[in-house]
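S.K.: To start, I am sharing the structure in question, which I have written as structure tokens.
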Amino acid sequence: MGRWTGSGVVALVALLVLTGQSAAVPPPPPNPSDSEISEGREAADAAATRVGELNSKLSEAESRLQALDSEVAYKMELANKARVDLDIARTAADTARAEADSARAQSDASFEAVERSRQALDEFAAASYEHGSALGSVTAYFGATSPEDLLARAQLLEAVGGFGLDTLDDLHKAQDEAANKDSAARAARGEAEKKEKAADDAQRAAEGVMAAAVQAQRAQREQAGAIEQERGRVQGELEQALGSVEGLESQRERYGRWLEDKRREDAAAAAFRPPAVIAPPAGGGGPVGEGVEAVIARAMTQIGVRYSWGGGNYTGPTVGVRDGGEGDVHGDYYTVGFDCSGLMMYAFAGVGVYLPHYSGYQYTSGDRVPLEQARRGDMLFWGPGGGTHVALYLGDGMMLEAPYSGSAVKVSPVRYSGIVPYVTRLL
């Protein structure tokens, strides 16, 4: 009854103001029976109970969905970390393979040089012995027919040593060094390839965990949606039942309150004054300075650029990468934009600070300061080790961020739920 009275006053006041005429009072409504009102109340009570149950279920489902959203964000950043680590391991493995190939080539060349020197020395010594020259070969000892012959051959060998054996010894040493380098390079190559395989396995594992989290998130979102849809349907039934009960009760009471309502309507019409219209104040921006202000100014130029998971680098927005979940649904892998850590890369590159494309690494890239001492230009982080999200603090409780797939770079109030108790200060 109270709800009808209030709306009736407003409606009649508006009519009086617009037309300048008095509104006719409606005729007395019919008087419903007690059983009709009782049945209406029972239907409304049953619907209200059901709405309460569904509200509780929806609250639980949304709480679980919020936790899954945070979990998926963390898993996505871990997958991003694994992708960065794999790139690093692949580069190291390629370098180790190239060094191993070079060492192997040097070792082979050393072996060939020793063999060529040995053959040339033997051939030269044999020829010298046959022609009676002052040189000989170690093979000259074999087949000596007398002590005099053996002495002659020894003298020839001594002459050979003066010209070639020192060179051959040097080649042997070079051969040993090349073989050692080859062995060390092959060992380093094997270790680098193990790390590359481990990084590859870690990336696949991270992507598998992320896919499972995305699937759980999707199922939970569907469940929450179904509960919300059911709640909406029952809420409609409740509102219909309440409207019916209210209508029956108002019909019974309306006639007795008619004169009182009419007096209030007349008084409200006499006192009515149109509200004043206040124009919004004009806004303005401050000048851009150096250092911190240059970082903020560079980041602010990207407001409105859409979110793209894996997107962004030191020079601007880029096409994102597939994440198997929300990012793919929103087309991040073929759309140019930024993710949270990509936006920080771009912002700080303007002052010569080059950050890695992973919020967890960005968290450890500078001085960590307690959150309550945060100042303009610091980086804010969420999740374990800062691995879920990163944003740029603007001061006065505001921040600049690339929030999530389907959104865009924007200025937002700082969210303290799940925030890391330290900020990272680079400048």
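How things are named: the first chain in the structure tokens is A, the next is B, and so on; residues count from 1 in each chain; ligands count from 1 in the order shown.
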For Glu36 of chain A, please output as a PyMOL selection string all residues within 12 Å (counting only C-alpha atoms; exclusion window: fewer than 6 positions along the same chain).

M.R.: chain A and resi 42-43+241+244-249+252

S.K.: Nearest residue to Asp367 of chain A out of A:Val84, A:Met210, A:Ala47, A:Leu426, using only C-alpha atoms?

M.R.: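 Counting only C-alpha atoms, the residue closest to Asp367 of chain A is A:Leu426.
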
S.K.: Pick out the residues sitting within 12 Å of Gly316 of chain A, and hand them over as a PyMOL selection string; count only C-alpha atoms, and ignore anything fewer than 5 positions along from it in its own chain.

M.R.: chain A and resi 298-299+301-302+305+311+336-339+342-350

S.K.: Tell me, as a list in words, which residues lie within 9 Å of Ser417 of chain A, counting only C-alpha atoms; anything in the same chain fewer than 2 positions away does not count.

M.R.: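 Once the adjacent positions are removed, what remains is Trp382, Arg415 and Ile419 of chain A.
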
S.K.: Since we have the selection now, will you write its residues out, keeping N, CA and C atoms, as a CSV table (one decimal), in the first residue's frame?

M.R.:
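So the final result, stored in part.csv, reads:
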chain,number,residue,atom,x,y,z
A,382,TRP,N,49.7,-8.4,-8.6
A,382,TRP,CA,48.8,-9.3,-7.9
A,382,TRP,C,49.2,-10.7,-8.1
A,415,ARG,N,42.7,-2.0,-7.1
A,415,ARG,CA,41.9,-3.1,-6.5
A,415,ARG,C,42.9,-3.7,-5.5
A,419,ILE,N,46.2,-8.1,-3.9
A,419,ILE,CA,47.3,-7.3,-4.3
A,419,ILE,C,48.6,-7.7,-3.5

S.K.: Counting only C-alpha atoms, which of A:Ser250, A:Thr167, A:Gln106, A:Asn80 gets nearest to Asp323 of chain A?

M.R.: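 Closest to Asp323 of chain A, using only C-alpha atoms: A:Asn80.
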
S.K.: Near Gly386 of chain A, counting only C-alpha atoms, which residues have an atom at most 7 Å away, once you skip same-chain residues fewer than 6 positions from it, shown as JSON, numbers by chain?

M.R.: {"A": [359, 360, 363, 420]}

S.K.: Taking only segment 192-416 of chain A into account, list the residues labelled strand (DSSP E) by DSSP (computed from the backbone), as a VMD selection string.

M.R.: chain A and resid 318 to 319 336 to 337 367 to 370 379 to 382 389 to 395 398 to 401 410 to 413

S.K.: Would you mind reading off the distance between atom CA of Val319 of chain A and atom CA of Ile303 of chain A, one decimal, in Å?

M.R.: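 Between these atoms lies a distance of 16.9 Å.
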
S.K.: So, counting only C-alpha atoms, which residue among A:Ala179, A:Val51, A:Ala92, A:Ala216 is closest to Glu193 of chain A?

M.R.: A:Ala92

S.K.: I need the residues of segment 285-315 of chain A that end up classed as alpha helix (DSSP H) by DSSP on the backbone, written out as a short mmCIF file (atom, residue, chain, number, x, y, z; two decimals) with C-alpha atoms, in the first residue's frame.

M.R.:
data_model
loop_
_atom_site.label_atom_id
_atom_site.label_comp_id
_atom_site.auth_asym_id
_atom_site.auth_seq_id
_atom_site.Cartn_x
_atom_site.Cartn_y
_atom_site.Cartn_z
CA VAL A 292 58.37 8.84 -14.17
CA GLU A 293 56.16 11.35 -15.96
CA ALA A 294 57.58 10.30 -19.33
CA VAL A 295 56.74 6.66 -18.53
CA ILE A 296 53.19 7.57 -17.51
CA ALA A 297 52.68 9.84 -20.50
CA ARG A 298 53.89 7.12 -22.89
CA ALA A 299 51.56 4.55 -21.30
CA MET A 300 48.58 6.94 -21.31
#

S.K.: Closest to Ala226 of chain A among A:Asp200, A:Asp101, A:Glu62, A:Asp108, using only C-alpha atoms?

M.R.: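 Answer, going by the shortest atom-to-atom distance: A:Glu62.
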
S.K.: Could you tell me how far atom CA of Thr318 of chain A lies from atom CA of Val411 of chain A, in Å and to one decimal?

M.R.: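 Interatomic distance, atom CA of Thr318 of chain A to atom CA of Val411 of chain A: 20.6 Å.
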
S.K.: Using atom CA of Gln66 of chain A and atom CA of Gly395 of chain A as the two end points, give the distance in Å to one decimal.

M.R.: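 Taking atom CA of Gln66 of chain A and atom CA of Gly395 of chain A, their separation equals 26.8 Å.
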
S.K.: Tell me which of A:Ala96, A:Ala44, A:Ala105, A:Ala113 sits closest to Asp169 of chain A, counting only C-alpha atoms.

M.R.: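 Ranked by minimum distance to Asp169 of chain A, first place goes to A:Ala113.
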
S.K.: Taking only C-alpha atoms into account, which of A:Thr388, A:Ser33, A:Gln240, A:Thr49 comes nearest Val72 of chain A?

M.R.: A:Thr388
